[in-house]
>>> print(open('input.pdb').read())   # PDB, C-alpha atoms
ATOM      1  CA  MET X   1     186.405 -17.682 187.079
ATOM      2  CA  LYS X   2     187.714 -17.607 183.497
ATOM      3  CA  ARG X   3     190.400 -20.131 184.313
ATOM      4  CA  LYS X   4     187.879 -22.334 186.141
ATOM      5  CA  LEU X   5     185.584 -22.329 183.130
ATOM      6  CA  CYS X   6     188.413 -23.201 180.774
ATOM      7  CA  LEU X   7     189.520 -26.013 183.094
ATOM      8  CA  ILE X   8     186.022 -27.466 183.020
ATOM      9  CA  VAL X   9     186.032 -27.192 179.226
ATOM     10  CA  ALA X  10     189.347 -29.021 179.058
ATOM     11  CA  LEU X  11     188.155 -31.860 181.244
ATOM     12  CA  MET X  12     185.079 -32.278 179.088
ATOM     13  CA  MET X  13     187.253 -32.217 175.982
ATOM     14  CA  ALA X  14     189.320 -35.052 177.397
ATOM     15  CA  LEU X  15     186.097 -36.987 177.896
ATOM     16  CA  THR X  16     185.229 -36.277 174.284
ATOM     17  CA  PHE X  17     188.465 -37.845 173.068
ATOM     18  CA  THR X  18     187.821 -40.938 175.178
ATOM     19  CA  VAL X  19     184.104 -41.451 174.632
ATOM     20  CA  GLY X  20     183.524 -39.817 171.240
ATOM     21  CA  LEU X  21     179.841 -39.006 171.777
ATOM     22  CA  THR X  22     178.050 -37.713 168.706
ATOM     23  CA  GLY X  23     174.477 -37.435 169.840
ATOM     24  CA  CYS X  24     172.059 -38.471 172.526
ATOM     25  CA  GLY X  25     171.388 -42.181 172.116
ATOM     26  CA  GLU X  26     173.457 -42.537 168.926
ATOM     27  CA  THR X  27     176.359 -44.824 168.131
ATOM     28  CA  PRO X  28     179.608 -43.024 169.019
ATOM     29  CA  ALA X  29     181.632 -41.871 166.026
ATOM     30  CA  ALA X  30     185.256 -42.884 165.774
ATOM     31  CA  ASN X  31     187.881 -40.167 165.762
ATOM     32  CA  PRO X  32     190.103 -40.087 162.680
ATOM     33  CA  GLU X  33     193.127 -42.344 162.701
ATOM     34  CA  PRO X  34     196.067 -40.544 164.345
ATOM     35  CA  VAL X  35     198.431 -39.031 161.820
ATOM     36  CA  ASN X  36     201.478 -36.821 161.898
ATOM     37  CA  ILE X  37     200.049 -33.336 161.377
ATOM     38  CA  ALA X  38     203.317 -32.276 159.742
ATOM     39  CA  ASP X  39     202.488 -34.656 156.890
ATOM     40  CA  LEU X  40     199.184 -32.914 156.120
ATOM     41  CA  GLU X  41     198.745 -29.980 153.759
ATOM     42  CA  GLY X  42     198.896 -26.540 155.296
ATOM     43  CA  PRO X  43     201.330 -23.876 156.534
ATOM     44  CA  ASP X  44     204.165 -25.020 158.773
ATOM     45  CA  LEU X  45     203.658 -22.670 161.729
ATOM     46  CA  HIS X  46     205.432 -22.462 165.058
ATOM     47  CA  PHE X  47     204.850 -19.812 167.722
ATOM     48  CA  THR X  48     206.359 -18.929 171.076
ATOM     49  CA  PRO X  49     204.385 -17.457 173.985
ATOM     50  CA  GLU X  50     206.015 -14.107 173.208
ATOM     51  CA  ASP X  51     204.665 -13.867 169.655
ATOM     52  CA  TRP X  52     201.384 -15.717 170.246
ATOM     53  CA  PRO X  53     198.267 -13.568 169.541
ATOM     54  CA  ARG X  54     195.576 -12.809 172.104
ATOM     55  CA  ILE X  55     192.747 -15.295 171.530
ATOM     56  CA  ASP X  56     189.252 -15.519 173.006
ATOM     57  CA  GLY X  57     186.052 -17.309 172.112
ATOM     58  CA  ALA X  58     182.831 -19.149 172.788
ATOM     59  CA  THR X  59     182.646 -21.941 175.330
ATOM     60  CA  ALA X  60     181.467 -24.456 172.724
ATOM     61  CA  LEU X  61     184.561 -23.783 170.592
ATOM     62  CA  ALA X  62     187.143 -23.753 173.399
ATOM     63  CA  PRO X  63     188.206 -27.378 172.794
ATOM     64  CA  TYR X  64     189.158 -26.388 169.249
ATOM     65  CA  TYR X  65     191.165 -23.257 169.918
ATOM     66  CA  GLU X  66     192.853 -24.801 172.965
ATOM     67  CA  ALA X  67     193.931 -27.783 170.847
ATOM     68  CA  MET X  68     195.064 -25.382 168.108
ATOM     69  CA  ALA X  69     197.137 -23.402 170.609
ATOM     70  CA  ALA X  70     198.761 -26.587 171.878
ATOM     71  CA  GLU X  71     199.691 -27.611 168.341
ATOM     72  CA  LEU X  72     201.056 -24.252 167.221
ATOM     73  CA  LEU X  73     202.888 -23.557 170.476
ATOM     74  CA  GLY X  74     204.312 -27.080 170.653
ATOM     75  CA  MET X  75     202.923 -27.675 174.150
ATOM     76  CA  ASP X  76     200.587 -30.094 175.822
ATOM     77  CA  ILE X  77     197.079 -28.778 176.194
ATOM     78  CA  GLU X  78     197.337 -28.145 179.928
ATOM     79  CA  GLU X  79     200.255 -25.785 179.375
ATOM     80  CA  ALA X  80     198.793 -24.158 176.261
ATOM     81  CA  ARG X  81     195.498 -23.360 177.964
ATOM     82  CA  GLN X  82     196.999 -20.407 179.795
ATOM     83  CA  TYR X  83     197.550 -18.691 176.431
ATOM     84  CA  VAL X  84     193.876 -18.474 175.445
ATOM     85  CA  LEU X  85     190.822 -16.902 177.037
ATOM     86  CA  CYS X  86     187.331 -18.332 177.328
ATOM     87  CA  ASN X  87     184.954 -15.408 177.903
ATOM     88  CA  LYS X  88     181.952 -16.858 176.031
ATOM     89  CA  THR X  89     180.439 -15.321 172.901
ATOM     90  CA  ASP X  90     179.428 -11.939 174.267
ATOM     91  CA  GLY X  91     182.680 -11.412 176.166
ATOM     92  CA  ALA X  92     184.757 -12.441 173.148
ATOM     93  CA  TYR X  93     183.013  -9.959 170.851
ATOM     94  CA  GLU X  94     183.358  -7.228 173.463
ATOM     95  CA  ASN X  95     187.079  -7.901 173.762
ATOM     96  CA  LEU X  96     187.623  -7.938 169.993
ATOM     97  CA  LEU X  97     185.805  -4.627 169.536
ATOM     98  CA  ALA X  98     187.756  -3.112 172.442
ATOM     99  CA  GLY X  99     191.068  -4.219 170.916
ATOM    100  CA  GLU X 100     191.837  -6.391 173.920
ATOM    101  CA  VAL X 101     192.176  -9.572 171.839
ATOM    102  CA  ASP X 102     193.299 -10.184 168.257
ATOM    103  CA  MET X 103     191.247 -13.202 167.228
ATOM    104  CA  ILE X 104     188.027 -14.833 168.426
ATOM    105  CA  PHE X 105     186.258 -18.121 167.730
ATOM    106  CA  CYS X 106     182.477 -17.707 167.737
ATOM    107  CA  SER X 107     179.224 -18.099 165.865
ATOM    108  CA  LEU X 108     177.594 -15.112 164.182
ATOM    109  CA  PRO X 109     177.522 -11.761 166.020
ATOM    110  CA  SER X 110     174.213 -10.663 167.494
ATOM    111  CA  GLU X 111     172.413  -7.599 166.123
ATOM    112  CA  TYR X 112     173.802  -5.690 169.085
ATOM    113  CA  PHE X 113     177.412  -6.563 168.223
ATOM    114  CA  LYS X 114     176.776  -5.886 164.542
ATOM    115  CA  GLN X 115     175.590  -2.392 165.479
ATOM    116  CA  CYS X 116     178.504  -1.894 167.866
ATOM    117  CA  ALA X 117     180.888  -2.638 165.007
ATOM    118  CA  ILE X 118     179.111  -0.170 162.712
ATOM    119  CA  ASP X 119     179.203   2.517 165.407
ATOM    120  CA  GLN X 120     182.944   2.001 165.910
ATOM    121  CA  GLY X 121     183.796   1.746 162.222
ATOM    122  CA  PHE X 122     184.936  -1.818 162.841
ATOM    123  CA  GLU X 123     184.530  -4.514 160.191
ATOM    124  CA  TYR X 124     184.565  -8.202 161.062
ATOM    125  CA  ASP X 125     186.628 -10.533 158.895
ATOM    126  CA  MET X 126     184.810 -13.852 159.388
ATOM    127  CA  THR X 127     186.155 -17.164 158.071
ATOM    128  CA  PRO X 128     183.984 -20.288 158.501
ATOM    129  CA  PHE X 129     186.016 -23.314 159.565
ATOM    130  CA  LEU X 130     183.666 -25.813 161.279
ATOM    131  CA  ASN X 131     180.056 -26.780 160.784
ATOM    132  CA  GLY X 132     177.734 -27.404 163.679
ATOM    133  CA  ALA X 133     174.023 -27.378 164.275
ATOM    134  CA  PHE X 134     171.493 -25.436 166.291
ATOM    135  CA  VAL X 135     169.511 -28.005 168.258
ATOM    136  CA  PHE X 136     166.467 -28.298 170.480
ATOM    137  CA  PHE X 137     166.227 -30.780 173.330
ATOM    138  CA  VAL X 138     163.594 -32.046 175.752
ATOM    139  CA  ASN X 139     163.504 -34.376 178.729
ATOM    140  CA  LYS X 140     164.036 -37.996 177.706
ATOM    141  CA  ASP X 141     160.560 -38.911 179.009
ATOM    142  CA  ASN X 142     158.852 -36.532 176.584
ATOM    143  CA  PRO X 143     157.177 -38.707 173.899
ATOM    144  CA  VAL X 144     157.627 -36.037 171.199
ATOM    145  CA  ASP X 145     160.619 -36.899 169.004
ATOM    146  CA  SER X 146     160.366 -34.384 166.157
ATOM    147  CA  ILE X 147     159.062 -30.900 165.483
ATOM    148  CA  THR X 148     159.070 -28.717 162.387
ATOM    149  CA  LEU X 149     160.836 -25.399 162.012
ATOM    150  CA  LYS X 150     157.450 -23.678 162.048
ATOM    151  CA  GLN X 151     156.468 -25.475 165.238
ATOM    152  CA  ALA X 152     159.731 -24.391 166.874
ATOM    153  CA  HIS X 153     158.915 -20.828 165.830
ATOM    154  CA  ASP X 154     155.381 -21.056 167.170
ATOM    155  CA  ILE X 155     156.521 -22.519 170.501
ATOM    156  CA  TYR X 156     158.779 -19.532 171.079
ATOM    157  CA  ALA X 157     156.181 -17.108 169.758
ATOM    158  CA  GLY X 158     153.750 -18.426 172.370
ATOM    159  CA  LYS X 159     151.345 -19.804 169.763
ATOM    160  CA  ILE X 160     151.850 -23.475 170.660
ATOM    161  CA  THR X 161     151.602 -23.849 174.418
ATOM    162  CA  ASN X 162     150.756 -27.509 175.109
ATOM    163  CA  TRP X 163     152.595 -30.682 174.099
ATOM    164  CA  SER X 164     149.290 -32.271 173.092
ATOM    165  CA  GLU X 165     149.297 -29.929 170.082
ATOM    166  CA  LEU X 166     152.444 -31.774 168.932
ATOM    167  CA  GLY X 167     151.236 -35.283 169.636
ATOM    168  CA  GLY X 168     152.575 -35.374 173.188
ATOM    169  CA  LYS X 169     151.080 -35.356 176.662
ATOM    170  CA  ASP X 170     148.470 -32.881 177.806
ATOM    171  CA  GLU X 171     150.883 -30.618 179.683
ATOM    172  CA  PRO X 172     152.112 -27.052 179.263
ATOM    173  CA  ILE X 173     155.238 -26.358 177.222
ATOM    174  CA  VAL X 174     157.877 -24.594 179.316
ATOM    175  CA  ALA X 175     160.122 -22.896 176.760
ATOM    176  CA  PHE X 176     163.461 -22.032 178.359
ATOM    177  CA  GLN X 177     165.604 -19.218 176.918
ATOM    178  CA  ARG X 178     169.106 -17.724 177.082
ATOM    179  CA  PRO X 179     170.055 -14.051 177.558
ATOM    180  CA  ASN X 180     170.399 -11.677 174.631
ATOM    181  CA  ASN X 181     173.862 -11.614 173.019
ATOM    182  CA  SER X 182     174.663 -15.141 174.184
ATOM    183  CA  GLY X 183     175.664 -17.398 171.310
ATOM    184  CA  SER X 184     172.616 -19.647 171.529
ATOM    185  CA  GLN X 185     170.138 -16.757 171.846
ATOM    186  CA  THR X 186     171.679 -15.204 168.749
ATOM    187  CA  GLY X 187     171.176 -18.578 167.052
ATOM    188  CA  LEU X 188     167.508 -18.599 168.057
ATOM    189  CA  TYR X 189     167.044 -15.181 166.428
ATOM    190  CA  GLU X 190     169.073 -16.149 163.366
ATOM    191  CA  TYR X 191     167.429 -19.485 162.601
ATOM    192  CA  ILE X 192     164.040 -19.630 164.333
ATOM    193  CA  ILE X 193     162.343 -16.398 165.362
ATOM    194  CA  SER X 194     162.982 -12.656 165.307
ATOM    195  CA  GLU X 195     163.501 -10.884 168.603
ATOM    196  CA  ASP X 196     160.311  -8.848 168.265
ATOM    197  CA  GLU X 197     158.246 -12.033 167.789
ATOM    198  CA  LEU X 198     159.739 -13.869 170.758
ATOM    199  CA  MET X 199     157.456 -14.236 173.745
ATOM    200  CA  GLU X 200     158.667 -12.766 177.015
ATOM    201  CA  ALA X 201     159.923 -15.433 179.384
ATOM    202  CA  PRO X 202     159.775 -15.275 183.196
ATOM    203  CA  SER X 203     163.196 -14.578 184.687
ATOM    204  CA  GLU X 204     163.398 -18.083 186.163
ATOM    205  CA  GLN X 205     163.143 -19.532 182.648
ATOM    206  CA  VAL X 206     166.154 -17.600 181.302
ATOM    207  CA  PHE X 207     169.512 -19.252 181.975
ATOM    208  CA  GLY X 208     172.771 -17.349 181.906
ATOM    209  CA  ALA X 209     175.002 -20.333 181.133
ATOM    210  CA  MET X 210     174.613 -23.096 178.569
ATOM    211  CA  ASP X 211     175.075 -25.842 181.123
ATOM    212  CA  GLU X 212     172.227 -24.442 183.224
ATOM    213  CA  ILE X 213     169.620 -24.754 180.476
ATOM    214  CA  VAL X 214     170.721 -28.331 179.729
ATOM    215  CA  ASP X 215     170.629 -29.251 183.408
ATOM    216  CA  ALA X 216     167.177 -27.718 183.850
ATOM    217  CA  VAL X 217     165.679 -29.745 181.005
ATOM    218  CA  SER X 218     167.347 -32.931 182.235
ATOM    219  CA  SER X 219     166.160 -32.592 185.832
ATOM    220  CA  TYR X 220     163.121 -34.471 187.102
ATOM    221  CA  ASP X 221     161.521 -31.443 188.786
ATOM    222  CA  ASN X 222     162.186 -28.699 186.227
ATOM    223  CA  GLY X 223     162.498 -30.787 183.078
ATOM    224  CA  LYS X 224     158.893 -31.923 182.845
ATOM    225  CA  GLY X 225     157.330 -30.268 179.824
ATOM    226  CA  SER X 226     160.376 -28.101 179.138
ATOM    227  CA  ILE X 227     162.310 -27.449 175.936
ATOM    228  CA  GLY X 228     165.684 -25.802 175.477
ATOM    229  CA  TYR X 229     168.196 -25.075 172.725
ATOM    230  CA  SER X 230     171.941 -24.949 172.284
ATOM    231  CA  TYR X 231     174.612 -26.062 169.837
ATOM    232  CA  TYR X 232     175.138 -29.676 168.829
ATOM    233  CA  TYR X 233     178.779 -29.973 169.888
ATOM    234  CA  TYR X 234     178.183 -28.486 173.315
ATOM    235  CA  VAL X 235     175.226 -30.727 174.145
ATOM    236  CA  THR X 236     176.702 -33.954 172.786
ATOM    237  CA  ASN X 237     180.381 -33.533 173.646
ATOM    238  CA  MET X 238     180.937 -30.942 176.349
ATOM    239  CA  HIS X 239     177.869 -31.165 178.586
ATOM    240  CA  TYR X 240     176.149 -34.419 177.715
ATOM    241  CA  GLN X 241     173.224 -35.399 179.943
ATOM    242  CA  GLU X 242     171.603 -38.790 179.548
ATOM    243  CA  ASP X 243     168.256 -37.416 180.746
ATOM    244  CA  ILE X 244     167.714 -35.231 177.687
ATOM    245  CA  LYS X 245     167.141 -36.118 174.052
ATOM    246  CA  LEU X 246     167.697 -34.081 170.929
ATOM    247  CA  LEU X 247     164.632 -33.367 168.832
ATOM    248  CA  ALA X 248     164.609 -34.114 165.143
ATOM    249  CA  ILE X 249     163.715 -31.103 163.001
ATOM    250  CA  ASN X 250     161.451 -31.907 160.060
ATOM    251  CA  ASP X 251     162.047 -35.585 161.002
ATOM    252  CA  ILE X 252     165.844 -35.266 160.620
ATOM    253  CA  LEU X 253     167.874 -35.894 163.764
ATOM    254  CA  PRO X 254     171.070 -33.848 164.220
ATOM    255  CA  SER X 255     174.147 -36.074 163.889
ATOM    256  CA  ASP X 256     177.672 -35.900 162.495
ATOM    257  CA  GLU X 257     176.339 -37.411 159.278
ATOM    258  CA  THR X 258     173.332 -35.115 158.807
ATOM    259  CA  ILE X 259     175.468 -32.076 159.616
ATOM    260  CA  ALA X 260     178.214 -33.135 157.207
ATOM    261  CA  ASN X 261     175.798 -33.857 154.354
ATOM    262  CA  GLY X 262     173.693 -30.771 155.062
ATOM    263  CA  THR X 263     170.372 -32.593 155.491
ATOM    264  CA  TYR X 264     169.796 -31.370 159.040
ATOM    265  CA  PRO X 265     167.784 -28.145 158.584
ATOM    266  CA  ILE X 266     169.668 -25.834 160.974
ATOM    267  CA  ILE X 267     173.366 -25.893 160.087
ATOM    268  CA  ASN X 268     175.433 -23.452 162.120
ATOM    269  CA  PRO X 269     178.942 -22.540 160.892
ATOM    270  CA  SER X 270     181.620 -21.569 163.381
ATOM    271  CA  TYR X 271     183.907 -18.667 162.504
ATOM    272  CA  VAL X 272     187.395 -17.449 163.276
ATOM    273  CA  ILE X 273     187.066 -13.659 163.394
ATOM    274  CA  ILE X 274     189.593 -10.835 163.212
ATOM    275  CA  ASP X 275     189.638  -7.151 162.339
ATOM    276  CA  ALA X 276     189.175  -6.762 158.570
ATOM    277  CA  LYS X 277     191.985  -4.176 158.607
ATOM    278  CA  THR X 278     194.508  -6.821 159.652
ATOM    279  CA  PRO X 279     197.431  -6.694 157.150
ATOM    280  CA  ALA X 280     197.787  -9.502 154.615
ATOM    281  CA  ASP X 281     201.215 -10.446 156.026
ATOM    282  CA  SER X 282     199.996 -10.613 159.624
ATOM    283  CA  PRO X 283     200.596 -13.855 161.573
ATOM    284  CA  LEU X 284     196.838 -13.836 162.201
ATOM    285  CA  ARG X 285     196.279 -14.457 158.486
ATOM    286  CA  ASP X 286     198.781 -17.321 158.642
ATOM    287  CA  ILE X 287     196.870 -18.897 161.521
ATOM    288  CA  ILE X 288     193.603 -18.643 159.588
ATOM    289  CA  ALA X 289     195.248 -20.311 156.584
ATOM    290  CA  TRP X 290     196.376 -23.092 158.928
ATOM    291  CA  ILE X 291     192.883 -23.458 160.436
ATOM    292  CA  VAL X 292     191.191 -23.998 157.055
ATOM    293  CA  SER X 293     193.982 -26.279 155.804
ATOM    294  CA  GLU X 294     194.104 -30.058 156.270
ATOM    295  CA  LYS X 295     196.095 -29.502 159.448
ATOM    296  CA  GLY X 296     193.558 -27.273 161.131
ATOM    297  CA  GLN X 297     190.612 -29.333 159.943
ATOM    298  CA  TYR X 298     192.217 -32.496 161.287
ATOM    299  CA  VAL X 299     192.547 -30.872 164.719
ATOM    300  CA  GLY X 300     188.832 -30.081 164.583
ATOM    301  CA  LYS X 301     187.918 -33.636 163.668
ATOM    302  CA  GLN X 302     190.137 -35.040 166.427
ATOM    303  CA  ALA X 303     188.261 -32.846 168.901
ATOM    304  CA  GLY X 304     184.923 -34.249 167.740
ATOM    305  CA  TYR X 305     183.742 -31.395 165.499
ATOM    306  CA  VAL X 306     182.446 -31.665 161.933
ATOM    307  CA  PRO X 307     185.158 -30.060 159.740
ATOM    308  CA  ARG X 308     183.993 -27.450 157.261
ATOM    309  CA  GLU X 309     185.833 -29.262 154.458
ATOM    310  CA  GLU X 310     183.441 -32.216 154.787
ATOM    311  CA  CYS X 311     180.465 -29.951 154.165
ATOM    312  CA  GLU X 312     181.599 -28.283 150.946
TER     313      GLU X 312
END
>>> encode(input="input.pdb", output="structure tokens")
Amino acid sequence: MKRKLCLIVALMMALTFTVGLTGCGETPAANPEPVNIADLEGPDLHFTPEDWPRIDGATALAPYYEAMAAELLGMDIEEARQYVLCNKTDGAYENLLAGEVDMIFCSLPSEYFKQCAIDQGFEYDMTPFLNGAFVFFVNKDNPVDSITLKQAHDIYAGKITNWSELGGKDEPIVAFQRPNNSGSQTGLYEYIISEDELMEAPSEQVFGAMDEIVDAVSSYDNGKGSIGYSYYYYVTNMHYQEDIKLLAINDILPSDETIANGTYPIINPSYVIIDAKTPADSPLRDIIAWIVSEKGQYVGKQAGYVPREECE
């Protein structure tokens, strides 16, 4: 199953390189002009499969760390893929805490994984390296184009229950959710609403995988009146559906430009995470230095992400 998921991710990444989607209904952004990575600033690193670290991460970041592995191992991406895992956010954190992997690529840890680390005496060393955005989306036929942060909060608190309250049709709001400890549910708690304020959702409105919540909102039968949330890169590059549209927040639509200039209200950094006790001379530290250098940032931009360096 892990390999199947990573294969799907890779195919979608290839589509990203070809199509270059940046947002639902927006003009595609051009990838940077191809350059020789060796000419860019950053450590000159080369690994073999024997000395390559154990790497895991979130689905939405798999195109980055697969491309990174290909570059540092000197392989094409199909071959390099076997040297990384793709266990999603919760699985990656579990594996890091259990000592089963050395490095993960994820968004912030949930409260549960923060507490797990405290209980184990484990300290996360978290380095931001890409900027993304936490986004809401609705069916394309929904006339509502923008909501405020407070309205997003009140939808998920159960205080706003009909689209007519937001200038839309007179129909109930069906607010889909993700499971606790998933990356996007952690984002909901971090940026929108605390867990104790969140309304309880029926089991059929909680989706275990990110693609499922996107598909549900895009479908004719289930999408009517529904709203979902995810991360910008995943929705626009990895699992794009023409039957959904991203909502503007406070009248600002998420895009490469509004993420890079920081005007979109819900900026979500991505992190490369290791054990804080990792020695200073560890190869893991060298990889992190490469990731935040021009070389690593270029790989991110080629894959369609917004590099952290553009947001400083």
>>> closest_residue(input="input.pdb", among="X:Met75, X:Ile266, X:Val101, X:Ala216", to="Glu204 of chain X", atoms="all atoms listed in the file")
X:Ala216
>>> closest_atom_pairs(input="input.pdb", of="segment 111-144 of chain X", to="segment 287-299 of chain X", cutoff="12 Å", atoms="only C-alpha atoms", output="Markdown table")
| residue | atom | partner | partner_atom | distance |
| --- | --- | --- | --- | --- |
| X:Asp125 | CA | X:Ile288 | CA | 10.7 |
| X:Met126 | CA | X:Ile288 | CA | 10.0 |
| X:Thr127 | CA | X:Ile288 | CA | 7.7 |
| X:Pro128 | CA | X:Val292 | CA | 8.2 |
| X:Phe129 | CA | X:Val292 | CA | 5.8 |
| X:Leu130 | CA | X:Gln297 | CA | 7.9 |
| X:Asn131 | CA | X:Gln297 | CA | 10.9 |
>>> closest_residue(input="input.pdb", among="X:Leu108, X:Gly99, X:Tyr240, X:Ile227", to="Gln120 of chain X", atoms="all atoms listed in the file")
X:Gly99
>>> residues_around(input="input.pdb", residues="Lys150 of chain X", least_positions_apart="6", cutoff="12 Å", atoms="all atoms listed in the file", output="list in words")
Tyr156, Ala157, Lys159, Ile160, Leu166, Tyr191, Ile192, Ile193, Ile249, Asn250 and Pro265 of chain X
>>> resolve_selection(input="input.pdb", expression="the PyMOL selection byres ((chain X and resi 48) around 12)", output="ChimeraX atom specification")
/X:45-47,49-53,69-75,80,83
>>> decode(input="input.pdb", residues="segment 187-206 of chain X", atoms="C-alpha atoms", output="compact mmCIF listing (two decimals), in the first residue's frame")
# COMPACT_ATOMS: atom_id res chain seq x y z
CA GLY X 187 -3.86 22.59 10.42
CA LEU X 188 -7.53 23.19 11.19
CA TYR X 189 -6.74 23.22 14.93
CA GLU X 190 -3.64 25.36 14.45
CA TYR X 191 -5.11 28.05 12.22
CA ILE X 192 -8.91 28.01 12.55
CA ILE X 193 -10.48 26.43 15.62
CA SER X 194 -9.44 24.61 18.79
CA GLU X 195 -10.34 20.96 19.13
CA ASP X 196 -12.71 21.58 22.03
CA GLU X 197 -14.67 24.14 19.97
CA LEU X 198 -15.01 21.94 16.90
CA MET X 199 -18.46 20.54 16.29
CA GLU X 200 -18.78 16.77 16.16
CA ALA X 201 -19.14 15.50 12.61
CA PRO X 202 -21.06 12.38 11.54
CA SER X 203 -18.70 9.55 10.63
CA GLU X 204 -19.66 9.77 6.95
CA GLN X 205 -18.39 13.37 6.89
CA VAL X 206 -14.89 12.47 8.14
